[in-house]
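What's in work-v1.cif: mmCIF, N, CA and C atoms
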data_entry
loop_
_atom_site.group_PDB
_atom_site.id
_atom_site.type_symbol
_atom_site.label_atom_id
_atom_site.label_comp_id
_atom_site.auth_asym_id
_atom_site.auth_seq_id
_atom_site.Cartn_x
_atom_site.Cartn_y
_atom_site.Cartn_z
ATOM 1 N N MET K 1 -28.629 5.645 6.453
ATOM 2 C CA MET K 1 -27.233 5.973 6.421
ATOM 3 C C MET K 1 -27.026 7.490 6.408
ATOM 4 N N LEU K 2 -27.848 8.191 5.628
ATOM 5 C CA LEU K 2 -27.711 9.639 5.559
ATOM 6 C C LEU K 2 -27.970 10.273 6.928
ATOM 7 N N ALA K 3 -28.987 9.774 7.628
ATOM 8 C CA ALA K 3 -29.275 10.299 8.959
ATOM 9 C C ALA K 3 -28.072 10.111 9.879
ATOM 10 N N LEU K 4 -27.457 8.953 9.819
ATOM 11 C CA LEU K 4 -26.277 8.682 10.635
ATOM 12 C C LEU K 4 -25.133 9.626 10.287
ATOM 13 N N LEU K 5 -24.926 9.848 9.001
ATOM 14 C CA LEU K 5 -23.880 10.783 8.577
ATOM 15 C C LEU K 5 -24.167 12.206 9.033
ATOM 16 N N ARG K 6 -25.442 12.500 9.193
ATOM 17 C CA ARG K 6 -25.837 13.830 9.664
ATOM 18 C C ARG K 6 -25.929 13.901 11.187
ATOM 19 N N GLY K 7 -25.509 12.845 11.859
ATOM 20 C CA GLY K 7 -25.435 12.859 13.318
ATOM 21 C C GLY K 7 -26.720 12.483 14.034
ATOM 22 N N ARG K 8 -27.624 11.776 13.333
ATOM 23 C CA ARG K 8 -28.878 11.368 13.966
ATOM 24 C C ARG K 8 -29.019 9.857 13.919
ATOM 25 N N GLY K 9 -29.736 9.322 14.884
ATOM 26 C CA GLY K 9 -30.025 7.900 14.910
ATOM 27 C C GLY K 9 -31.379 7.582 14.316
ATOM 28 N N HIS K 10 -32.021 8.565 13.719
ATOM 29 C CA HIS K 10 -33.352 8.372 13.125
ATOM 30 C C HIS K 10 -33.456 9.160 11.818
ATOM 31 N N VAL K 11 -34.336 8.708 10.957
ATOM 32 C CA VAL K 11 -34.540 9.330 9.652
ATOM 33 C C VAL K 11 -35.640 10.373 9.754
ATOM 34 N N ILE K 12 -35.458 11.495 9.071
ATOM 35 C CA ILE K 12 -36.490 12.524 8.995
ATOM 36 C C ILE K 12 -36.887 12.701 7.525
ATOM 37 N N PRO K 13 -38.034 13.319 7.263
ATOM 38 C CA PRO K 13 -38.486 13.482 5.868
ATOM 39 C C PRO K 13 -37.455 14.140 4.953
ATOM 40 N N ALA K 14 -36.674 15.059 5.461
ATOM 41 C CA ALA K 14 -35.656 15.719 4.629
ATOM 42 C C ALA K 14 -34.635 14.714 4.119
ATOM 43 N N ASP K 15 -34.307 13.700 4.906
ATOM 44 C CA ASP K 15 -33.370 12.666 4.465
ATOM 45 C C ASP K 15 -33.943 11.909 3.272
ATOM 46 N N ILE K 16 -35.218 11.579 3.348
ATOM 47 C CA ILE K 16 -35.882 10.852 2.265
ATOM 48 C C ILE K 16 -35.884 11.696 0.997
ATOM 49 N N ARG K 17 -36.259 12.959 1.127
ATOM 50 C CA ARG K 17 -36.303 13.844 -0.039
ATOM 51 C C ARG K 17 -34.915 14.026 -0.658
ATOM 52 N N ASP K 18 -33.901 14.114 0.176
ATOM 53 C CA ASP K 18 -32.545 14.317 -0.335
ATOM 54 C C ASP K 18 -32.033 13.107 -1.111
ATOM 55 N N LEU K 19 -32.499 11.926 -0.786
ATOM 56 C CA LEU K 19 -32.038 10.710 -1.454
ATOM 57 C C LEU K 19 -32.976 10.214 -2.547
ATOM 58 N N ALA K 20 -34.191 10.700 -2.580
ATOM 59 C CA ALA K 20 -35.206 10.173 -3.500
ATOM 60 C C ALA K 20 -34.760 10.207 -4.961
ATOM 61 N N GLY K 21 -34.173 11.270 -5.387
ATOM 62 C CA GLY K 21 -33.747 11.370 -6.789
ATOM 63 C C GLY K 21 -32.733 10.306 -7.161
ATOM 64 N N ASP K 22 -31.718 10.128 -6.336
ATOM 65 C CA ASP K 22 -30.682 9.142 -6.632
ATOM 66 C C ASP K 22 -31.226 7.717 -6.581
ATOM 67 N N VAL K 23 -32.184 7.468 -5.699
ATOM 68 C CA VAL K 23 -32.723 6.116 -5.542
ATOM 69 C C VAL K 23 -33.754 5.785 -6.622
ATOM 70 N N LEU K 24 -34.574 6.746 -7.013
ATOM 71 C CA LEU K 24 -35.703 6.467 -7.899
ATOM 72 C C LEU K 24 -35.529 6.876 -9.355
ATOM 73 N N ARG K 25 -34.626 7.770 -9.653
ATOM 74 C CA ARG K 25 -34.486 8.332 -11.004
ATOM 75 C C ARG K 25 -34.370 7.247 -12.075
ATOM 76 N N HIS K 26 -33.572 6.231 -11.848
ATOM 77 C CA HIS K 26 -33.347 5.195 -12.863
ATOM 78 C C HIS K 26 -34.557 4.282 -13.051
ATOM 79 N N ARG K 27 -35.545 4.347 -12.173
ATOM 80 C CA ARG K 27 -36.728 3.487 -12.279
ATOM 81 C C ARG K 27 -37.852 4.120 -13.100
ATOM 82 N N ILE K 28 -37.698 5.382 -13.452
ATOM 83 C CA ILE K 28 -38.744 6.080 -14.190
ATOM 84 C C ILE K 28 -38.493 5.914 -15.695
ATOM 85 N N VAL K 29 -39.483 5.371 -16.383
ATOM 86 C CA VAL K 29 -39.404 5.195 -17.836
ATOM 87 C C VAL K 29 -40.424 6.144 -18.453
ATOM 88 N N LEU K 30 -39.928 7.115 -19.188
ATOM 89 C CA LEU K 30 -40.788 8.137 -19.772
ATOM 90 C C LEU K 30 -41.330 7.687 -21.128
ATOM 91 N N SER K 31 -42.535 8.099 -21.409
ATOM 92 C CA SER K 31 -43.143 7.792 -22.705
ATOM 93 C C SER K 31 -42.516 8.692 -23.781
ATOM 94 N N TYR K 32 -42.730 8.325 -25.029
ATOM 95 C CA TYR K 32 -42.246 9.153 -26.124
ATOM 96 C C TYR K 32 -42.843 10.554 -26.047
ATOM 97 N N ASP K 33 -44.133 10.617 -25.687
ATOM 98 C CA ASP K 33 -44.796 11.925 -25.578
ATOM 99 C C ASP K 33 -44.098 12.798 -24.533
ATOM 100 N N ALA K 34 -43.775 12.220 -23.390
ATOM 101 C CA ALA K 34 -43.100 12.985 -22.344
ATOM 102 C C ALA K 34 -41.737 13.458 -22.827
ATOM 103 N N LEU K 35 -40.991 12.553 -23.454
ATOM 104 C CA LEU K 35 -39.665 12.921 -23.955
ATOM 105 C C LEU K 35 -39.742 14.026 -25.001
ATOM 106 N N SER K 36 -40.742 13.936 -25.888
ATOM 107 C CA SER K 36 -40.864 14.950 -26.938
ATOM 108 C C SER K 36 -41.272 16.309 -26.380
ATOM 109 N N GLU K 37 -41.904 16.302 -25.207
ATOM 110 C CA GLU K 37 -42.292 17.557 -24.561
ATOM 111 C C GLU K 37 -41.221 18.071 -23.604
ATOM 112 N N GLY K 38 -40.101 17.375 -23.536
ATOM 113 C CA GLY K 38 -38.993 17.821 -22.694
ATOM 114 C C GLY K 38 -39.142 17.500 -21.218
ATOM 115 N N VAL K 39 -40.013 16.565 -20.889
ATOM 116 C CA VAL K 39 -40.191 16.158 -19.493
ATOM 117 C C VAL K 39 -39.037 15.235 -19.121
ATOM 118 N N SER K 40 -38.452 15.457 -17.957
ATOM 119 C CA SER K 40 -37.356 14.611 -17.502
ATOM 120 C C SER K 40 -37.803 13.763 -16.308
ATOM 121 N N ALA K 41 -37.002 12.773 -15.980
ATOM 122 C CA ALA K 41 -37.284 11.948 -14.805
ATOM 123 C C ALA K 41 -37.287 12.809 -13.550
ATOM 124 N N ASP K 42 -36.419 13.801 -13.498
ATOM 125 C CA ASP K 42 -36.390 14.696 -12.336
ATOM 126 C C ASP K 42 -37.685 15.495 -12.218
ATOM 127 N N ASP K 43 -38.262 15.899 -13.347
ATOM 128 C CA ASP K 43 -39.549 16.610 -13.323
ATOM 129 C C ASP K 43 -40.629 15.736 -12.690
ATOM 130 N N VAL K 44 -40.636 14.467 -13.060
ATOM 131 C CA VAL K 44 -41.627 13.535 -12.518
ATOM 132 C C VAL K 44 -41.402 13.353 -11.020
ATOM 133 N N LEU K 45 -40.152 13.182 -10.614
ATOM 134 C CA LEU K 45 -39.846 13.005 -9.190
ATOM 135 C C LEU K 45 -40.275 14.207 -8.362
ATOM 136 N N VAL K 46 -40.026 15.389 -8.864
ATOM 137 C CA VAL K 46 -40.423 16.599 -8.140
ATOM 138 C C VAL K 46 -41.937 16.605 -7.926
ATOM 139 N N ARG K 47 -42.685 16.274 -8.969
ATOM 140 C CA ARG K 47 -44.153 16.267 -8.856
ATOM 141 C C ARG K 47 -44.640 15.201 -7.882
ATOM 142 N N VAL K 48 -44.023 14.043 -7.915
ATOM 143 C CA VAL K 48 -44.412 12.971 -6.991
ATOM 144 C C VAL K 48 -44.110 13.377 -5.552
ATOM 145 N N LEU K 49 -42.921 13.898 -5.316
ATOM 146 C CA LEU K 49 -42.554 14.287 -3.951
ATOM 147 C C LEU K 49 -43.404 15.441 -3.435
ATOM 148 N N GLU K 50 -43.836 16.324 -4.318
ATOM 149 C CA GLU K 50 -44.737 17.404 -3.917
ATOM 150 C C GLU K 50 -46.120 16.867 -3.568
ATOM 151 N N ALA K 51 -46.534 15.787 -4.218
ATOM 152 C CA ALA K 51 -47.876 15.233 -4.012
ATOM 153 C C ALA K 51 -47.982 14.381 -2.754
ATOM 154 N N VAL K 52 -46.851 13.881 -2.265
ATOM 155 C CA VAL K 52 -46.860 13.020 -1.081
ATOM 156 C C VAL K 52 -46.483 13.868 0.125
ATOM 157 N N PRO K 53 -47.422 14.072 1.048
ATOM 158 C CA PRO K 53 -47.118 14.910 2.208
ATOM 159 C C PRO K 53 -46.165 14.202 3.172
ATOM 160 N N ALA K 54 -45.260 14.961 3.729
ATOM 161 C CA ALA K 54 -44.349 14.433 4.750
ATOM 162 C C ALA K 54 -45.088 14.381 6.081
ATOM 163 N N PRO K 55 -44.755 13.421 6.921
ATOM 164 C CA PRO K 55 -45.384 13.382 8.242
ATOM 165 C C PRO K 55 -44.982 14.617 9.045
ATOM 166 N N SER K 56 -45.845 15.013 9.944
ATOM 167 C CA SER K 56 -45.546 16.191 10.765
ATOM 168 C C SER K 56 -44.438 15.876 11.767
ATOM 169 N N ASP K 57 -43.754 16.902 12.212
ATOM 170 C CA ASP K 57 -42.705 16.732 13.218
ATOM 171 C C ASP K 57 -43.288 16.190 14.515
ATOM 172 N N ASP K 58 -44.529 16.540 14.837
ATOM 173 C CA ASP K 58 -45.162 16.041 16.064
ATOM 174 C C ASP K 58 -45.257 14.523 16.025
ATOM 175 N N HIS K 59 -45.642 13.977 14.880
ATOM 176 C CA HIS K 59 -45.757 12.521 14.745
ATOM 177 C C HIS K 59 -44.395 11.863 14.928
ATOM 178 N N ILE K 60 -43.373 12.461 14.362
ATOM 179 C CA ILE K 60 -42.019 11.903 14.464
ATOM 180 C C ILE K 60 -41.570 11.902 15.918
ATOM 181 N N ARG K 61 -41.820 12.965 16.626
ATOM 182 C CA ARG K 61 -41.405 13.038 18.040
ATOM 183 C C ARG K 61 -42.177 12.033 18.894
ATOM 184 N N ARG K 62 -43.486 11.834 18.612
ATOM 185 C CA ARG K 62 -44.295 10.887 19.391
ATOM 186 C C ARG K 62 -43.804 9.470 19.221
ATOM 187 N N VAL K 63 -43.440 9.126 17.993
ATOM 188 C CA VAL K 63 -43.028 7.748 17.696
ATOM 189 C C VAL K 63 -41.629 7.474 18.227
ATOM 190 N N ALA K 64 -40.749 8.451 18.127
ATOM 191 C CA ALA K 64 -39.338 8.265 18.533
ATOM 192 C C ALA K 64 -39.180 8.162 20.000
#
Represent the structure of the file as structure tokens.
Amino acid sequence: MLALLRGRGHVIPADIRDLAGDVLRHRIVLSYDALSEGVSADDVLVRVLEAVPAPSDDHIRRVA
């Protein structure tokens, strides 16, 4: 839907990253240790998204 709103008929990695927080934030359950250290669900999401590489633009163009 976001891709369509942005004028595209296909999804790109930036669309996924822009929506990831809203889609996944409520699914993260932090331990007491994390909460006591001030870790937030957003902190976890940032680390996860940094750890998962986005596909290259070349791959997207080949498939599309």
Checklist entry - Smallest atom-to-atom distance to Ala54 (chain K): which of K:Ala20, K:Met1, K:Ala14, K:Val29, using all atoms listed in the file? => result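 When distances to Ala54 (chain K) are compared using all atoms listed in the file, the smallest one comes from K:Ala14.
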Next on the checklist: DSSP on the backbone: which residues in chain K end up as helix (DSSP H, G or I)? Give the answer as a count of residues only.
Outcome noted: 42
Next on the checklist: Please list as a PyMOL selection string every residue within 8 Å of region 32-48 of chain K, counting all atoms listed in the file and excluding residues in the same chain fewer than 6 positions away.
Outcome noted: chain K and resi 20-21+24-26
As AutoDock Vina command-line options, please report the centre and edge lengths, rounded to one decimal in Å, of the axis-aligned box that holds all listed atoms of region 34-46 of chain K with 3 Å of padding on each of the six sides.
--center_x -40.1 --center_y 15.0 --center_z -17.4 --size_x 13.4 --size_y 12.1 --size_z 25.0
Checklist entry - What gap, in Å, lies between atom C of Leu4 (chain K) and CA of Ile28 (chain K)? => result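 Distance between the two atoms: 28.2 Å.
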Checklist entry - Could you work out how far CA of Asp15 (chain K) lies from CA of Leu49 (chain K), giving the answer in Å with one decimal? => result 12.6 Å
Checklist entry - CA of Leu19 (chain K) and CA of Arg6 (chain K) are how many Å apart? => result 13.1 Å
Item to check | Local residues around (-40.2, 15.4, 8.0), at most 5 Å away, using all atoms listed in the file, as a PyMOL selection string | outcome: chain K and resi 12-14+55
Checklist outcome for this item: If you count only C-alpha atoms, the residue of K:Arg17, K:Leu2, K:Asp22, K:His10 closest to Pro53 (chain K) turns out to be K:Arg17
Save region 19-32 of chain K to disk from that block, all heavy atoms included, as a compact mmCIF listing (two decimals), in the first residue's frame.
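decode_1.txt written:
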# COMPACT_ATOMS: atom_id res chain seq x y z
N LEU K 19 7.81 1.00 7.29
CA LEU K 19 6.64 0.42 7.95
C LEU K 19 6.99 -0.55 9.07
O LEU K 19 6.13 -0.90 9.88
CB LEU K 19 5.77 -0.31 6.92
CG LEU K 19 5.04 0.57 5.93
CD1 LEU K 19 4.30 -0.28 4.92
CD2 LEU K 19 4.07 1.49 6.65
N ALA K 20 8.22 -1.01 9.12
CA ALA K 20 8.60 -2.07 10.07
C ALA K 20 8.28 -1.71 11.52
O ALA K 20 7.76 -2.55 12.26
CB ALA K 20 10.09 -2.39 9.92
N GLY K 21 8.55 -0.52 11.93
CA GLY K 21 8.29 -0.14 13.32
C GLY K 21 6.82 -0.24 13.67
O GLY K 21 6.45 -0.83 14.69
N ASP K 22 5.96 0.30 12.83
CA ASP K 22 4.52 0.27 13.11
C ASP K 22 3.97 -1.15 13.08
O ASP K 22 3.05 -1.49 13.83
CB ASP K 22 3.77 1.13 12.09
CG ASP K 22 4.13 2.60 12.21
OD1 ASP K 22 4.48 3.02 13.32
OD2 ASP K 22 4.07 3.31 11.19
N VAL K 23 4.52 -1.99 12.22
CA VAL K 23 4.01 -3.36 12.08
C VAL K 23 4.54 -4.28 13.18
O VAL K 23 3.81 -5.14 13.68
CB VAL K 23 4.39 -3.93 10.69
CG1 VAL K 23 4.05 -5.39 10.57
CG2 VAL K 23 3.71 -3.12 9.59
N LEU K 24 5.79 -4.11 13.59
CA LEU K 24 6.42 -5.06 14.50
C LEU K 24 6.55 -4.61 15.95
O LEU K 24 6.73 -5.45 16.83
CB LEU K 24 7.82 -5.40 13.96
CG LEU K 24 7.86 -6.05 12.58
CD1 LEU K 24 9.31 -6.17 12.12
CD2 LEU K 24 7.18 -7.38 12.61
N ARG K 25 6.48 -3.34 16.22
CA ARG K 25 6.74 -2.80 17.57
C ARG K 25 5.91 -3.51 18.64
O ARG K 25 6.42 -3.88 19.70
CB ARG K 25 6.46 -1.31 17.58
CG ARG K 25 6.81 -0.62 18.86
CD ARG K 25 6.56 0.88 18.77
NE ARG K 25 7.44 1.49 17.77
CZ ARG K 25 6.99 2.04 16.63
NH1 ARG K 25 5.71 2.06 16.35
NH2 ARG K 25 7.84 2.57 15.78
N HIS K 26 4.64 -3.73 18.40
CA HIS K 26 3.76 -4.32 19.42
C HIS K 26 4.04 -5.81 19.64
O HIS K 26 3.56 -6.39 20.59
CB HIS K 26 2.29 -4.13 19.03
CG HIS K 26 1.87 -4.96 17.86
ND1 HIS K 26 2.18 -4.62 16.57
CD2 HIS K 26 1.19 -6.13 17.81
CE1 HIS K 26 1.69 -5.54 15.77
NE2 HIS K 26 1.08 -6.47 16.49
N ARG K 27 4.83 -6.44 18.78
CA ARG K 27 5.12 -7.87 18.92
C ARG K 27 6.37 -8.15 19.76
O ARG K 27 6.66 -9.28 20.07
CB ARG K 27 5.30 -8.50 17.54
CG ARG K 27 4.02 -8.46 16.73
CD ARG K 27 4.23 -9.10 15.38
NE ARG K 27 3.02 -9.09 14.63
CZ ARG K 27 2.20 -10.13 14.50
NH1 ARG K 27 2.48 -11.25 15.11
NH2 ARG K 27 1.11 -10.03 13.79
N ILE K 28 7.10 -7.10 20.10
CA ILE K 28 8.33 -7.27 20.86
C ILE K 28 8.02 -7.20 22.35
O ILE K 28 7.45 -6.22 22.83
CB ILE K 28 9.37 -6.20 20.47
CG1 ILE K 28 9.77 -6.40 19.02
CG2 ILE K 28 10.58 -6.27 21.40
CD1 ILE K 28 10.69 -5.34 18.49
N VAL K 29 8.38 -8.25 23.07
CA VAL K 29 8.18 -8.30 24.52
C VAL K 29 9.57 -8.28 25.15
O VAL K 29 10.37 -9.19 24.96
CB VAL K 29 7.43 -9.58 24.94
CG1 VAL K 29 7.27 -9.62 26.46
CG2 VAL K 29 6.09 -9.66 24.25
N LEU K 30 9.84 -7.21 25.87
CA LEU K 30 11.16 -7.02 26.47
C LEU K 30 11.24 -7.69 27.84
O LEU K 30 10.26 -7.72 28.59
CB LEU K 30 11.46 -5.53 26.60
CG LEU K 30 11.48 -4.76 25.28
CD1 LEU K 30 11.55 -3.27 25.56
CD2 LEU K 30 12.64 -5.20 24.42
N SER K 31 12.41 -8.19 28.14
CA SER K 31 12.64 -8.80 29.45
C SER K 31 12.76 -7.70 30.51
O SER K 31 12.98 -6.52 30.19
CB SER K 31 13.91 -9.64 29.44
OG SER K 31 15.05 -8.79 29.31
N TYR K 32 12.66 -8.09 31.77
CA TYR K 32 12.85 -7.13 32.85
C TYR K 32 14.23 -6.50 32.77
O TYR K 32 14.39 -5.30 32.99
CB TYR K 32 12.63 -7.80 34.21
CG TYR K 32 12.95 -6.86 35.34
CD1 TYR K 32 12.04 -5.87 35.71
CD2 TYR K 32 14.17 -6.92 36.01
CE1 TYR K 32 12.33 -4.98 36.72
CE2 TYR K 32 14.47 -6.04 37.03
CZ TYR K 32 13.54 -5.07 37.39
OH TYR K 32 13.84 -4.18 38.38
